[in-house]
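Containing PDB, C-alpha atoms, pLDDT in the B column: entry-v2.pdb.
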```
ATOM      1  CA  MET A   1      28.738 111.077  -3.831  1.00 37.00           C
ATOM      2  CA  GLY A   2      32.449 111.787  -4.476  1.00 39.00           C
ATOM      3  CA  LEU A   3      34.463 114.969  -4.798  1.00 38.00           C
ATOM      4  CA  SER A   4      33.571 118.104  -6.722  1.00 41.00           C
ATOM      5  CA  ARG A   5      35.685 118.755  -9.820  1.00 41.00           C
ATOM      6  CA  ARG A   6      37.604 121.539  -8.007  1.00 37.00           C
ATOM      7  CA  ALA A   7      38.235 119.389  -4.926  1.00 38.00           C
ATOM      8  CA  ALA A   8      39.304 116.458  -7.116  1.00 38.00           C
ATOM      9  CA  ALA A   9      41.795 118.653  -8.957  1.00 37.00           C
ATOM     10  CA  ALA A  10      43.181 119.982  -5.655  1.00 36.00           C
ATOM     11  CA  SER A  11      43.575 116.478  -4.284  1.00 37.00           C
ATOM     12  CA  LEU A  12      45.310 115.331  -7.460  1.00 40.00           C
ATOM     13  CA  LEU A  13      47.785 118.217  -7.423  1.00 38.00           C
ATOM     14  CA  LEU A  14      48.597 117.735  -3.747  1.00 37.00           C
ATOM     15  CA  LEU A  15      49.258 114.063  -4.318  1.00 40.00           C
ATOM     16  CA  LEU A  16      51.710 114.817  -7.098  1.00 42.00           C
ATOM     17  CA  ALA A  17      53.416 117.497  -5.017  1.00 38.00           C
ATOM     18  CA  GLY A  18      53.884 115.468  -1.852  1.00 40.00           C
ATOM     19  CA  PRO A  19      52.532 112.886   0.552  1.00 35.00           C
ATOM     20  CA  LEU A  20      49.659 114.948   2.016  1.00 32.00           C
ATOM     21  CA  PHE A  21      46.071 114.784   0.804  1.00 36.00           C
ATOM     22  CA  ALA A  22      43.479 117.542   0.998  1.00 40.00           C
ATOM     23  CA  GLU A  23      40.813 114.849   0.819  1.00 51.00           C
ATOM     24  CA  GLU A  24      40.834 111.108   0.403  1.00 61.00           C
ATOM     25  CA  VAL A  25      38.502 109.059  -1.756  1.00 68.00           C
ATOM     26  CA  PRO A  26      37.146 106.044   0.156  1.00 71.00           C
ATOM     27  CA  ALA A  27      38.986 102.873  -0.819  1.00 69.00           C
ATOM     28  CA  ASP A  28      35.994 101.201  -2.448  1.00 73.00           C
ATOM     29  CA  GLU A  29      35.152 104.327  -4.468  1.00 79.00           C
ATOM     30  CA  LEU A  30      38.783 104.752  -5.522  1.00 80.00           C
ATOM     31  CA  GLY A  31      38.884 101.107  -6.569  1.00 81.00           C
ATOM     32  CA  ALA A  32      35.777 101.550  -8.699  1.00 84.00           C
ATOM     33  CA  ARG A  33      37.198 104.679 -10.351  1.00 85.00           C
ATOM     34  CA  LEU A  34      40.475 102.949 -11.120  1.00 86.00           C
ATOM     35  CA  GLU A  35      38.723  99.870 -12.463  1.00 87.00           C
ATOM     36  CA  GLY A  36      36.661 102.068 -14.780  1.00 89.00           C
ATOM     37  CA  LEU A  37      39.754 103.881 -16.032  1.00 91.00           C
ATOM     38  CA  PHE A  38      41.829 100.745 -16.568  1.00 91.00           C
ATOM     39  CA  SER A  39      38.949  98.784 -18.143  1.00 92.00           C
ATOM     40  CA  ALA A  40      38.377 101.561 -20.690  1.00 95.00           C
ATOM     41  CA  MET A  41      42.089 101.558 -21.537  1.00 95.00           C
ATOM     42  CA  ALA A  42      42.109  97.770 -21.949  1.00 94.00           C
ATOM     43  CA  ARG A  43      39.054  97.867 -24.243  1.00 96.00           C
ATOM     44  CA  ALA A  44      40.589 100.624 -26.370  1.00 97.00           C
ATOM     45  CA  ALA A  45      43.872  98.744 -26.710  1.00 96.00           C
ATOM     46  CA  GLY A  46      41.965  95.552 -27.548  1.00 95.00           C
ATOM     47  CA  GLU A  47      40.489  97.273 -30.600  1.00 97.00           C
ATOM     48  CA  LEU A  48      43.943  98.030 -32.017  1.00 97.00           C
ATOM     49  CA  THR A  49      45.915  95.862 -34.378  1.00 97.00           C
ATOM     50  CA  ASP A  50      48.628  98.506 -34.803  1.00 98.00           C
ATOM     51  CA  TYR A  51      49.371 102.148 -34.127  1.00 98.00           C
ATOM     52  CA  SER A  52      52.054 104.808 -34.209  1.00 98.00           C
ATOM     53  CA  CYS A  53      52.636 107.695 -31.822  1.00 98.00           C
ATOM     54  CA  THR A  54      55.199 110.131 -30.507  1.00 98.00           C
ATOM     55  CA  PHE A  55      56.594 108.680 -27.309  1.00 98.00           C
ATOM     56  CA  THR A  56      58.799 110.418 -24.754  1.00 98.00           C
ATOM     57  CA  LYS A  57      60.620 108.798 -21.891  1.00 97.00           C
ATOM     58  CA  GLN A  58      62.723 109.957 -18.971  1.00 98.00           C
ATOM     59  CA  GLU A  59      64.114 107.409 -16.531  1.00 98.00           C
ATOM     60  CA  TYR A  60      66.186 107.316 -13.367  1.00 97.00           C
ATOM     61  CA  VAL A  61      69.077 104.950 -14.098  1.00 96.00           C
ATOM     62  CA  GLY A  62      72.408 104.487 -12.369  1.00 94.00           C
ATOM     63  CA  GLY A  63      71.658 107.033  -9.679  1.00 95.00           C
ATOM     64  CA  LYS A  64      70.679 109.903 -11.985  1.00 96.00           C
ATOM     65  CA  LEU A  65      67.671 111.152 -13.925  1.00 97.00           C
ATOM     66  CA  LEU A  66      68.556 110.899 -17.598  1.00 97.00           C
ATOM     67  CA  PRO A  67      67.522 113.445 -20.274  1.00 97.00           C
ATOM     68  CA  THR A  68      64.130 113.123 -21.947  1.00 97.00           C
ATOM     69  CA  GLU A  69      64.159 111.124 -25.179  1.00 97.00           C
ATOM     70  CA  THR A  70      61.613 111.741 -27.958  1.00 98.00           C
ATOM     71  CA  ILE A  71      60.783 108.787 -30.184  1.00 98.00           C
ATOM     72  CA  LEU A  72      58.559 107.865 -33.114  1.00 98.00           C
ATOM     73  CA  LEU A  73      57.057 104.554 -32.038  1.00 98.00           C
ATOM     74  CA  LYS A  74      55.326 102.003 -34.260  1.00 98.00           C
ATOM     75  CA  GLN A  75      53.891  98.750 -32.951  1.00 98.00           C
ATOM     76  CA  SER A  76      52.001  95.869 -34.572  1.00 98.00           C
ATOM     77  CA  ARG A  77      50.137  93.353 -32.449  1.00 96.00           C
ATOM     78  CA  PRO A  78      49.712  90.618 -35.146  1.00 95.00           C
ATOM     79  CA  ILE A  79      53.430  90.337 -35.899  1.00 94.00           C
ATOM     80  CA  GLY A  80      54.597  91.420 -32.432  1.00 95.00           C
ATOM     81  CA  CYS A  81      57.046  93.998 -33.757  1.00 98.00           C
ATOM     82  CA  VAL A  82      58.236  97.388 -32.517  1.00 98.00           C
ATOM     83  CA  TYR A  83      60.033 100.122 -34.460  1.00 98.00           C
ATOM     84  CA  MET A  84      61.511 103.169 -32.727  1.00 98.00           C
ATOM     85  CA  LYS A  85      63.247 106.218 -34.181  1.00 98.00           C
ATOM     86  CA  TRP A  86      64.671 108.946 -31.960  1.00 97.00           C
ATOM     87  CA  ILE A  87      63.527 112.250 -33.482  1.00 97.00           C
ATOM     88  CA  ALA A  88      65.259 114.709 -31.152  1.00 96.00           C
ATOM     89  CA  GLU A  89      68.542 115.022 -29.318  1.00 94.00           C
ATOM     90  CA  PRO A  90      70.334 113.589 -27.398  1.00 91.00           C
ATOM     91  CA  GLU A  91      70.004 110.393 -29.487  1.00 92.00           C
ATOM     92  CA  LYS A  92      68.567 111.853 -32.687  1.00 94.00           C
ATOM     93  CA  ASN A  93      68.305 109.408 -35.643  1.00 95.00           C
ATOM     94  CA  ARG A  94      68.959 106.290 -33.594  1.00 96.00           C
ATOM     95  CA  GLU A  95      66.687 103.490 -34.883  1.00 97.00           C
ATOM     96  CA  THR A  96      65.730 100.122 -33.446  1.00 97.00           C
ATOM     97  CA  ILE A  97      63.577  97.248 -34.623  1.00 98.00           C
ATOM     98  CA  TYR A  98      62.541  94.304 -32.519  1.00 98.00           C
ATOM     99  CA  CYS A  99      60.516  91.354 -33.821  1.00 97.00           C
ATOM    100  CA  PRO A 100      60.700  88.297 -31.549  1.00 95.00           C
ATOM    101  CA  ALA A 101      60.153  85.887 -34.465  1.00 93.00           C
ATOM    102  CA  ARG A 102      62.785  87.475 -36.729  1.00 93.00           C
ATOM    103  CA  ASN A 103      66.505  88.148 -36.719  1.00 93.00           C
ATOM    104  CA  GLY A 104      67.033  85.308 -34.277  1.00 95.00           C
ATOM    105  CA  GLY A 105      65.051  87.251 -31.674  1.00 95.00           C
ATOM    106  CA  LYS A 106      67.764  89.923 -31.625  1.00 97.00           C
ATOM    107  CA  LEU A 107      67.285  93.671 -31.380  1.00 98.00           C
ATOM    108  CA  GLN A 108      68.425  95.540 -34.508  1.00 97.00           C
ATOM    109  CA  VAL A 109      70.055  98.885 -33.687  1.00 96.00           C
ATOM    110  CA  HIS A 110      71.949 101.587 -35.479  1.00 93.00           C
ATOM    111  CA  GLU A 111      73.099 104.878 -34.037  1.00 88.00           C
ATOM    112  CA  GLY A 112      72.321 108.133 -35.770  1.00 78.00           C
ATOM    113  CA  GLY A 113      75.685 109.805 -35.251  1.00 73.00           C
ATOM    114  CA  GLY A 114      79.076 109.668 -33.653  1.00 69.00           C
ATOM    115  CA  VAL A 115      81.653 106.879 -33.805  1.00 65.00           C
ATOM    116  CA  ALA A 116      79.016 104.251 -33.004  1.00 66.00           C
ATOM    117  CA  SER A 117      77.191 105.043 -36.263  1.00 66.00           C
ATOM    118  CA  TRP A 118      80.223 103.780 -38.209  1.00 73.00           C
ATOM    119  CA  LEU A 119      79.551 100.264 -36.916  1.00 81.00           C
ATOM    120  CA  GLY A 120      76.366  99.948 -38.979  1.00 81.00           C
ATOM    121  CA  THR A 121      73.489  97.819 -37.776  1.00 92.00           C
ATOM    122  CA  LEU A 122      74.114  95.906 -34.564  1.00 94.00           C
ATOM    123  CA  SER A 123      72.261  92.721 -33.618  1.00 96.00           C
ATOM    124  CA  LEU A 124      71.920  92.624 -29.831  1.00 97.00           C
ATOM    125  CA  ASP A 125      70.446  90.415 -27.154  1.00 97.00           C
ATOM    126  CA  PRO A 126      67.385  92.503 -26.127  1.00 97.00           C
ATOM    127  CA  LEU A 127      68.079  91.684 -22.473  1.00 97.00           C
ATOM    128  CA  GLY A 128      71.852  92.001 -22.706  1.00 97.00           C
ATOM    129  CA  THR A 129      74.164  94.587 -21.201  1.00 96.00           C
ATOM    130  CA  LEU A 130      74.541  96.691 -24.359  1.00 93.00           C
ATOM    131  CA  ALA A 131      70.824  96.809 -25.129  1.00 95.00           C
ATOM    132  CA  MET A 132      69.977  97.653 -21.509  1.00 96.00           C
ATOM    133  CA  LYS A 133      72.549 100.425 -21.115  1.00 93.00           C
ATOM    134  CA  GLY A 134      70.735 103.519 -19.853  1.00 92.00           C
ATOM    135  CA  GLN A 135      67.375 101.722 -19.788  1.00 95.00           C
ATOM    136  CA  ARG A 136      65.014 100.705 -16.985  1.00 95.00           C
ATOM    137  CA  HIS A 137      63.013  98.403 -19.265  1.00 95.00           C
ATOM    138  CA  PRO A 138      63.953  96.192 -22.232  1.00 96.00           C
ATOM    139  CA  ILE A 139      62.528  96.604 -25.721  1.00 96.00           C
ATOM    140  CA  THR A 140      60.377  93.529 -25.028  1.00 96.00           C
ATOM    141  CA  GLU A 141      58.278  95.777 -22.730  1.00 96.00           C
ATOM    142  CA  ALA A 142      57.942  98.682 -25.174  1.00 96.00           C
ATOM    143  CA  GLY A 143      54.604 100.023 -26.320  1.00 96.00           C
ATOM    144  CA  ILE A 144      51.155 100.588 -24.927  1.00 97.00           C
ATOM    145  CA  PHE A 145      49.958  96.971 -25.049  1.00 96.00           C
ATOM    146  CA  TYR A 146      52.435  95.816 -22.409  1.00 95.00           C
ATOM    147  CA  THR A 147      52.053  99.018 -20.389  1.00 94.00           C
ATOM    148  CA  ILE A 148      48.260  98.839 -20.130  1.00 93.00           C
ATOM    149  CA  ASP A 149      48.277  95.131 -19.323  1.00 92.00           C
ATOM    150  CA  THR A 150      50.946  95.540 -16.638  1.00 89.00           C
ATOM    151  CA  ILE A 151      49.213  98.489 -14.964  1.00 84.00           C
ATOM    152  CA  ARG A 152      45.861  96.751 -14.810  1.00 82.00           C
ATOM    153  CA  ARG A 153      47.245  93.441 -13.517  1.00 83.00           C
ATOM    154  CA  SER A 154      49.393  95.216 -10.931  1.00 77.00           C
ATOM    155  CA  PHE A 155      46.539  97.157  -9.396  1.00 75.00           C
ATOM    156  CA  ALA A 156      44.087  94.280  -9.651  1.00 71.00           C
ATOM    157  CA  ARG A 157      46.527  92.171  -7.630  1.00 67.00           C
ATOM    158  CA  GLU A 158      46.866  94.869  -4.978  1.00 61.00           C
ATOM    159  CA  ARG A 159      43.278  96.130  -4.945  1.00 59.00           C
ATOM    160  CA  GLN A 160      42.686  94.984  -1.372  1.00 56.00           C
ATOM    161  CA  SER A 161      45.677  96.936  -0.056  1.00 57.00           C
ATOM    162  CA  ALA A 162      45.063 100.209   1.741  1.00 48.00           C
ATOM    163  CA  ARG A 163      45.442 102.916  -0.899  1.00 64.00           C
ATOM    164  CA  ARG A 164      44.949 106.635  -1.231  1.00 73.00           C
ATOM    165  CA  GLY A 165      44.436 108.667  -4.349  1.00 81.00           C
ATOM    166  CA  ASP A 166      42.035 110.347  -6.687  1.00 84.00           C
ATOM    167  CA  VAL A 167      40.941 110.538 -10.316  1.00 86.00           C
ATOM    168  CA  GLY A 168      40.567 113.918 -12.010  1.00 89.00           C
ATOM    169  CA  ASP A 169      40.810 115.844 -15.274  1.00 92.00           C
ATOM    170  CA  ALA A 170      44.088 117.156 -16.675  1.00 94.00           C
ATOM    171  CA  ASN A 171      45.549 118.570 -19.869  1.00 95.00           C
ATOM    172  CA  VAL A 172      48.497 116.452 -20.996  1.00 96.00           C
ATOM    173  CA  GLU A 173      50.403 118.129 -23.824  1.00 94.00           C
ATOM    174  CA  GLY A 174      47.164 119.492 -25.254  1.00 96.00           C
ATOM    175  CA  GLN A 175      45.293 116.216 -24.825  1.00 97.00           C
ATOM    176  CA  PRO A 176      42.162 116.151 -22.619  1.00 97.00           C
ATOM    177  CA  SER A 177      42.951 113.406 -20.148  1.00 97.00           C
ATOM    178  CA  LEU A 178      41.631 111.602 -17.109  1.00 95.00           C
ATOM    179  CA  CYS A 179      44.444 111.087 -14.599  1.00 93.00           C
ATOM    180  CA  ALA A 180      44.584 108.636 -11.718  1.00 89.00           C
ATOM    181  CA  ALA A 181      46.970 109.545  -8.901  1.00 88.00           C
ATOM    182  CA  ILE A 182      47.580 106.674  -6.509  1.00 85.00           C
ATOM    183  CA  ALA A 183      49.645 106.213  -3.355  1.00 82.00           C
ATOM    184  CA  PRO A 184      50.723 102.657  -2.487  1.00 72.00           C
ATOM    185  CA  GLY A 185      49.376 100.629   0.370  1.00 63.00           C
ATOM    186  CA  GLU A 186      51.457  99.065   3.104  1.00 56.00           C
ATOM    187  CA  SER A 187      51.851  95.573   1.668  1.00 52.00           C
ATOM    188  CA  PRO A 188      55.572  94.638   1.864  1.00 45.00           C
ATOM    189  CA  ASP A 189      55.405  92.375  -1.185  1.00 48.00           C
ATOM    190  CA  GLN A 190      54.197  94.974  -3.649  1.00 48.00           C
ATOM    191  CA  GLN A 191      56.097  95.238  -6.897  1.00 50.00           C
ATOM    192  CA  GLY A 192      56.146  97.450  -9.971  1.00 54.00           C
ATOM    193  CA  TYR A 193      53.480 100.102 -10.410  1.00 56.00           C
ATOM    194  CA  ALA A 194      51.678  99.091  -7.210  1.00 56.00           C
ATOM    195  CA  SER A 195      54.716  99.811  -4.999  1.00 67.00           C
ATOM    196  CA  MET A 196      55.259 103.438  -6.057  1.00 79.00           C
ATOM    197  CA  ARG A 197      53.386 106.712  -6.022  1.00 87.00           C
ATOM    198  CA  THR A 198      51.920 106.672  -9.491  1.00 89.00           C
ATOM    199  CA  GLU A 199      50.107 108.883 -11.964  1.00 92.00           C
ATOM    200  CA  ILE A 200      48.406 107.318 -14.977  1.00 93.00           C
ATOM    201  CA  CYS A 201      46.587 109.475 -17.538  1.00 96.00           C
ATOM    202  CA  SER A 202      44.399 108.327 -20.419  1.00 96.00           C
ATOM    203  CA  HIS A 203      42.961 110.287 -23.328  1.00 98.00           C
ATOM    204  CA  ARG A 204      39.368 111.359 -22.662  1.00 97.00           C
ATOM    205  CA  THR A 205      38.076 110.092 -26.024  1.00 98.00           C
ATOM    206  CA  LEU A 206      40.695 107.600 -27.213  1.00 98.00           C
ATOM    207  CA  HIS A 207      41.065 105.979 -23.751  1.00 97.00           C
ATOM    208  CA  LEU A 208      44.734 105.321 -24.462  1.00 98.00           C
ATOM    209  CA  PRO A 209      47.701 106.417 -22.307  1.00 97.00           C
ATOM    210  CA  THR A 210      48.827 110.031 -22.489  1.00 98.00           C
ATOM    211  CA  ARG A 211      51.192 110.015 -19.480  1.00 97.00           C
ATOM    212  CA  VAL A 212      52.619 107.616 -16.901  1.00 96.00           C
ATOM    213  CA  ARG A 213      54.779 108.809 -13.986  1.00 96.00           C
ATOM    214  CA  LEU A 214      56.218 106.918 -11.018  1.00 94.00           C
ATOM    215  CA  TRP A 215      58.015 108.158  -7.900  1.00 94.00           C
ATOM    216  CA  GLU A 216      59.976 106.329  -5.235  1.00 91.00           C
ATOM    217  CA  PRO A 217      58.756 106.771  -1.616  1.00 85.00           C
ATOM    218  CA  ASP A 218      61.423 109.461  -1.114  1.00 88.00           C
ATOM    219  CA  GLY A 219      59.933 111.537  -3.937  1.00 91.00           C
ATOM    220  CA  GLN A 220      62.512 110.664  -6.605  1.00 94.00           C
ATOM    221  CA  LEU A 221      60.937 110.555 -10.057  1.00 96.00           C
ATOM    222  CA  VAL A 222      61.975 107.256 -11.618  1.00 96.00           C
ATOM    223  CA  GLU A 223      59.857 106.928 -14.761  1.00 96.00           C
ATOM    224  CA  HIS A 224      58.074 109.537 -16.890  1.00 98.00           C
ATOM    225  CA  TYR A 225      56.474 108.569 -20.204  1.00 98.00           C
ATOM    226  CA  THR A 226      54.154 110.480 -22.536  1.00 98.00           C
ATOM    227  CA  TYR A 227      52.226 109.459 -25.652  1.00 98.00           C
ATOM    228  CA  ARG A 228      50.738 111.791 -28.254  1.00 98.00           C
ATOM    229  CA  ASP A 229      50.000 112.100 -31.998  1.00 98.00           C
ATOM    230  CA  TYR A 230      48.305 108.716 -32.105  1.00 98.00           C
ATOM    231  CA  ARG A 231      47.549 107.107 -35.467  1.00 98.00           C
ATOM    232  CA  LEU A 232      45.284 104.152 -34.773  1.00 98.00           C
ATOM    233  CA  ASN A 233      45.107 101.065 -37.000  1.00 98.00           C
ATOM    234  CA  PRO A 234      47.046 102.746 -39.841  1.00 98.00           C
ATOM    235  CA  GLY A 235      47.678  99.392 -41.535  1.00 97.00           C
ATOM    236  CA  LEU A 236      51.333  98.863 -40.688  1.00 98.00           C
ATOM    237  CA  THR A 237      52.964  96.097 -42.718  1.00 97.00           C
ATOM    238  CA  GLU A 238      56.073  93.978 -42.425  1.00 96.00           C
ATOM    239  CA  ARG A 239      57.911  96.715 -44.333  1.00 97.00           C
ATOM    240  CA  ASP A 240      57.469  99.016 -41.326  1.00 98.00           C
ATOM    241  CA  PHE A 241      59.601  96.580 -39.321  1.00 98.00           C
ATOM    242  CA  ASP A 242      62.200  95.680 -41.929  1.00 97.00           C
ATOM    243  CA  THR A 243      65.783  96.952 -41.770  1.00 95.00           C
ATOM    244  CA  ALA A 244      65.793  96.848 -45.591  1.00 95.00           C
ATOM    245  CA  ASN A 245      63.152  99.594 -45.696  1.00 96.00           C
ATOM    246  CA  HIS A 246      64.750 102.375 -47.754  1.00 95.00           C
ATOM    247  CA  ASP A 247      62.975 105.001 -45.630  1.00 95.00           C
ATOM    248  CA  TYR A 248      65.078 103.886 -42.675  1.00 96.00           C
ATOM    249  CA  GLY A 249      68.759 104.376 -41.998  1.00 91.00           C
ATOM    250  CA  PHE A 250      69.859 100.796 -41.224  1.00 93.00           C
TER     251      PHE A 250
END
```
What do you get writing this file as structure tokens?
Amino acid sequence: MGLSRRAAAASLLLLLAGPLFAEEVPADELGARLEGLFSAMARAAGELTDYSCTFTKQEYVGGKLLPTETILLKQSRPIGCVYMKWIAEPEKNRETIYCPARNGGKLQVHEGGGVASWLGTLSLDPLGTLAMKGQRHPITEAGIFYTIDTIRRSFARERQSARRGDVGDANVEGQPSLCAAIAPGESPDQQGYASMRTEICSHRTLHLPTRVRLWEPDGQLVEHYTYRDYRLNPGLTERDFDTANHDYGF
């Protein structure tokens, strides 16, 4: 039952290229495949207390697709903190720290160069205009914990909607991955991941995200994220999320 590996790959590529499908997986089979993929991701994330990885993001904001940003990302579940350092242009050496229970719940930011770097560390409302400039999502939604939870809840809510797609193997930046390509159903009240043509890839052995891409119905890419170089449960401490850390530039 199901598609051959070659047919699955062809279906996956056609989905990413446009709206036509060489073959369609029956809705119940697709649902089972997606549930297996998302459940494995949720279990893997549930075994983590903290991690670091190289994270890239490219987003469609203000009517244009912005350049790709490459970021060192650290996240701790127990203390709820996120640290990000931009390690390539265009925002190289920018650093941010967000801990909801510290710094009055404000985002700590310093720029790596230019006039803005002269201002030192800024304390910003994480949902405010300055913090959200050039962003589709706030820092409160950063990291794989929120991403995995949101994806799974979104598709679980819309599982009964008519849906087309496939699950197949892919190589994502040298990482053996299992990718789900999904087209939305017709429900007018869909939101988030469930309302867009979506590709979600997870590492074949780690079962953690390697790539997430979303397209508007007209084919416009709106979100493209990758994750690589995972270090799992490295024992991050409060120092990793402290602006006084001498290894940082705050």
To verify the selection step, state as a PDB file with C-alpha atoms, in the frame of the given file which residues the PyMOL selection byres ((chain A and resi 240) around 10) yields on this input.
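Okay, this is what ended up in expr-v4.pdb:
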```pdb
ATOM      1  CA  LYS A  74      55.326 102.003 -34.260  1.00 98.00           C
ATOM      2  CA  GLN A  75      53.891  98.750 -32.951  1.00 98.00           C
ATOM      3  CA  SER A  76      52.001  95.869 -34.572  1.00 98.00           C
ATOM      4  CA  CYS A  81      57.046  93.998 -33.757  1.00 98.00           C
ATOM      5  CA  VAL A  82      58.236  97.388 -32.517  1.00 98.00           C
ATOM      6  CA  TYR A  83      60.033 100.122 -34.460  1.00 98.00           C
ATOM      7  CA  ILE A  97      63.577  97.248 -34.623  1.00 98.00           C
ATOM      8  CA  GLY A 235      47.678  99.392 -41.535  1.00 97.00           C
ATOM      9  CA  LEU A 236      51.333  98.863 -40.688  1.00 98.00           C
ATOM     10  CA  THR A 237      52.964  96.097 -42.718  1.00 97.00           C
ATOM     11  CA  GLU A 238      56.073  93.978 -42.425  1.00 96.00           C
ATOM     12  CA  ARG A 239      57.911  96.715 -44.333  1.00 97.00           C
ATOM     13  CA  PHE A 241      59.601  96.580 -39.321  1.00 98.00           C
ATOM     14  CA  ASP A 242      62.200  95.680 -41.929  1.00 97.00           C
ATOM     15  CA  THR A 243      65.783  96.952 -41.770  1.00 95.00           C
ATOM     16  CA  ALA A 244      65.793  96.848 -45.591  1.00 95.00           C
ATOM     17  CA  ASN A 245      63.152  99.594 -45.696  1.00 96.00           C
ATOM     18  CA  ASP A 247      62.975 105.001 -45.630  1.00 95.00           C
ATOM     19  CA  TYR A 248      65.078 103.886 -42.675  1.00 96.00           C
TER      20      TYR A 248
END
```
Quiz item: Expanded to explicit residues, what is the PyMOL selection byres ((chain A and resi 122-128) around 8) for this file, as a ChimeraX atom specification?
Solution: /A:103,105-110,119-121,129-132,138-140
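Pairwise distance (CA of Tyr225 (chain A), CA of Asn171 (chain A)) equals 14.8 Å.
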Quiz item: Any idea what's packed within 12 Å of region 210-213 of chain A, counting all atoms listed in the file, ignoring anything in its chain fewer than 6 positions away? Could you give it as number ranges by chain?
Solution: A: 16, 41, 53-60, 144, 147-148, 151, 170-182, 193, 196-204, 219-230
Take the residues from that selection and put them in a file with C-alpha atoms, as a PDB file, in the frame of the given file.
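Result file follows (part15.pdb):
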```
ATOM      1  CA  LEU A  16      51.710 114.817  -7.098  1.00 42.00           C
ATOM      2  CA  MET A  41      42.089 101.558 -21.537  1.00 95.00           C
ATOM      3  CA  CYS A  53      52.636 107.695 -31.822  1.00 98.00           C
ATOM      4  CA  THR A  54      55.199 110.131 -30.507  1.00 98.00           C
ATOM      5  CA  PHE A  55      56.594 108.680 -27.309  1.00 98.00           C
ATOM      6  CA  THR A  56      58.799 110.418 -24.754  1.00 98.00           C
ATOM      7  CA  LYS A  57      60.620 108.798 -21.891  1.00 97.00           C
ATOM      8  CA  GLN A  58      62.723 109.957 -18.971  1.00 98.00           C
ATOM      9  CA  GLU A  59      64.114 107.409 -16.531  1.00 98.00           C
ATOM     10  CA  TYR A  60      66.186 107.316 -13.367  1.00 97.00           C
ATOM     11  CA  ILE A 144      51.155 100.588 -24.927  1.00 97.00           C
ATOM     12  CA  THR A 147      52.053  99.018 -20.389  1.00 94.00           C
ATOM     13  CA  ILE A 148      48.260  98.839 -20.130  1.00 93.00           C
ATOM     14  CA  ILE A 151      49.213  98.489 -14.964  1.00 84.00           C
ATOM     15  CA  ALA A 170      44.088 117.156 -16.675  1.00 94.00           C
ATOM     16  CA  ASN A 171      45.549 118.570 -19.869  1.00 95.00           C
ATOM     17  CA  VAL A 172      48.497 116.452 -20.996  1.00 96.00           C
ATOM     18  CA  GLU A 173      50.403 118.129 -23.824  1.00 94.00           C
ATOM     19  CA  GLY A 174      47.164 119.492 -25.254  1.00 96.00           C
ATOM     20  CA  GLN A 175      45.293 116.216 -24.825  1.00 97.00           C
ATOM     21  CA  PRO A 176      42.162 116.151 -22.619  1.00 97.00           C
ATOM     22  CA  SER A 177      42.951 113.406 -20.148  1.00 97.00           C
ATOM     23  CA  LEU A 178      41.631 111.602 -17.109  1.00 95.00           C
ATOM     24  CA  CYS A 179      44.444 111.087 -14.599  1.00 93.00           C
ATOM     25  CA  ALA A 180      44.584 108.636 -11.718  1.00 89.00           C
ATOM     26  CA  ALA A 181      46.970 109.545  -8.901  1.00 88.00           C
ATOM     27  CA  ILE A 182      47.580 106.674  -6.509  1.00 85.00           C
ATOM     28  CA  TYR A 193      53.480 100.102 -10.410  1.00 56.00           C
ATOM     29  CA  MET A 196      55.259 103.438  -6.057  1.00 79.00           C
ATOM     30  CA  ARG A 197      53.386 106.712  -6.022  1.00 87.00           C
ATOM     31  CA  THR A 198      51.920 106.672  -9.491  1.00 89.00           C
ATOM     32  CA  GLU A 199      50.107 108.883 -11.964  1.00 92.00           C
ATOM     33  CA  ILE A 200      48.406 107.318 -14.977  1.00 93.00           C
ATOM     34  CA  CYS A 201      46.587 109.475 -17.538  1.00 96.00           C
ATOM     35  CA  SER A 202      44.399 108.327 -20.419  1.00 96.00           C
ATOM     36  CA  HIS A 203      42.961 110.287 -23.328  1.00 98.00           C
ATOM     37  CA  ARG A 204      39.368 111.359 -22.662  1.00 97.00           C
ATOM     38  CA  GLY A 219      59.933 111.537  -3.937  1.00 91.00           C
ATOM     39  CA  GLN A 220      62.512 110.664  -6.605  1.00 94.00           C
ATOM     40  CA  LEU A 221      60.937 110.555 -10.057  1.00 96.00           C
ATOM     41  CA  VAL A 222      61.975 107.256 -11.618  1.00 96.00           C
ATOM     42  CA  GLU A 223      59.857 106.928 -14.761  1.00 96.00           C
ATOM     43  CA  HIS A 224      58.074 109.537 -16.890  1.00 98.00           C
ATOM     44  CA  TYR A 225      56.474 108.569 -20.204  1.00 98.00           C
ATOM     45  CA  THR A 226      54.154 110.480 -22.536  1.00 98.00           C
ATOM     46  CA  TYR A 227      52.226 109.459 -25.652  1.00 98.00           C
ATOM     47  CA  ARG A 228      50.738 111.791 -28.254  1.00 98.00           C
ATOM     48  CA  ASP A 229      50.000 112.100 -31.998  1.00 98.00           C
ATOM     49  CA  TYR A 230      48.305 108.716 -32.105  1.00 98.00           C
TER      50      TYR A 230
END
```
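In this model, the gap between CA of Arg136 (chain A) and CA of Ile87 (chain A) comes to 20.2 Å.
Interatomic distance, CA of Gly62 (chain A) against CA of Ala142 (chain A): 20.2 Å.
Every residue that the PyMOL selection byres ((chain A and resi 36) around 12) selects in this file is listed here: A:Glu29, A:Leu30, A:Gly31, A:Ala32, A:Arg33, A:Leu34, A:Glu35, A:Leu37, A:Phe38, A:Ser39, A:Ala40, A:Met41, A:Ala42, A:Arg43, A:Arg152, A:Ala156, A:Val167, A:Leu178, A:Cys179, A:Ala180, A:Ser202, A:His207.
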Quiz item: Which is closest to Lys64 (chain A) among A:Gln135, A:Pro184, A:Gly143, A:Leu232, if we use only C-alpha atoms?
Solution: A:Gln135
For region 128-139 of chain A, what centre and edge lengths in Å (one decimal) does the axis-aligned box get once 3 Å is added on each side of all its listed atoms, as lines of an AutoDock Vina configuration file?
```
center_x = 68.5
center_y = 97.8
center_z = -21.4
size_x = 18.0
size_y = 17.5
size_z = 14.7
```
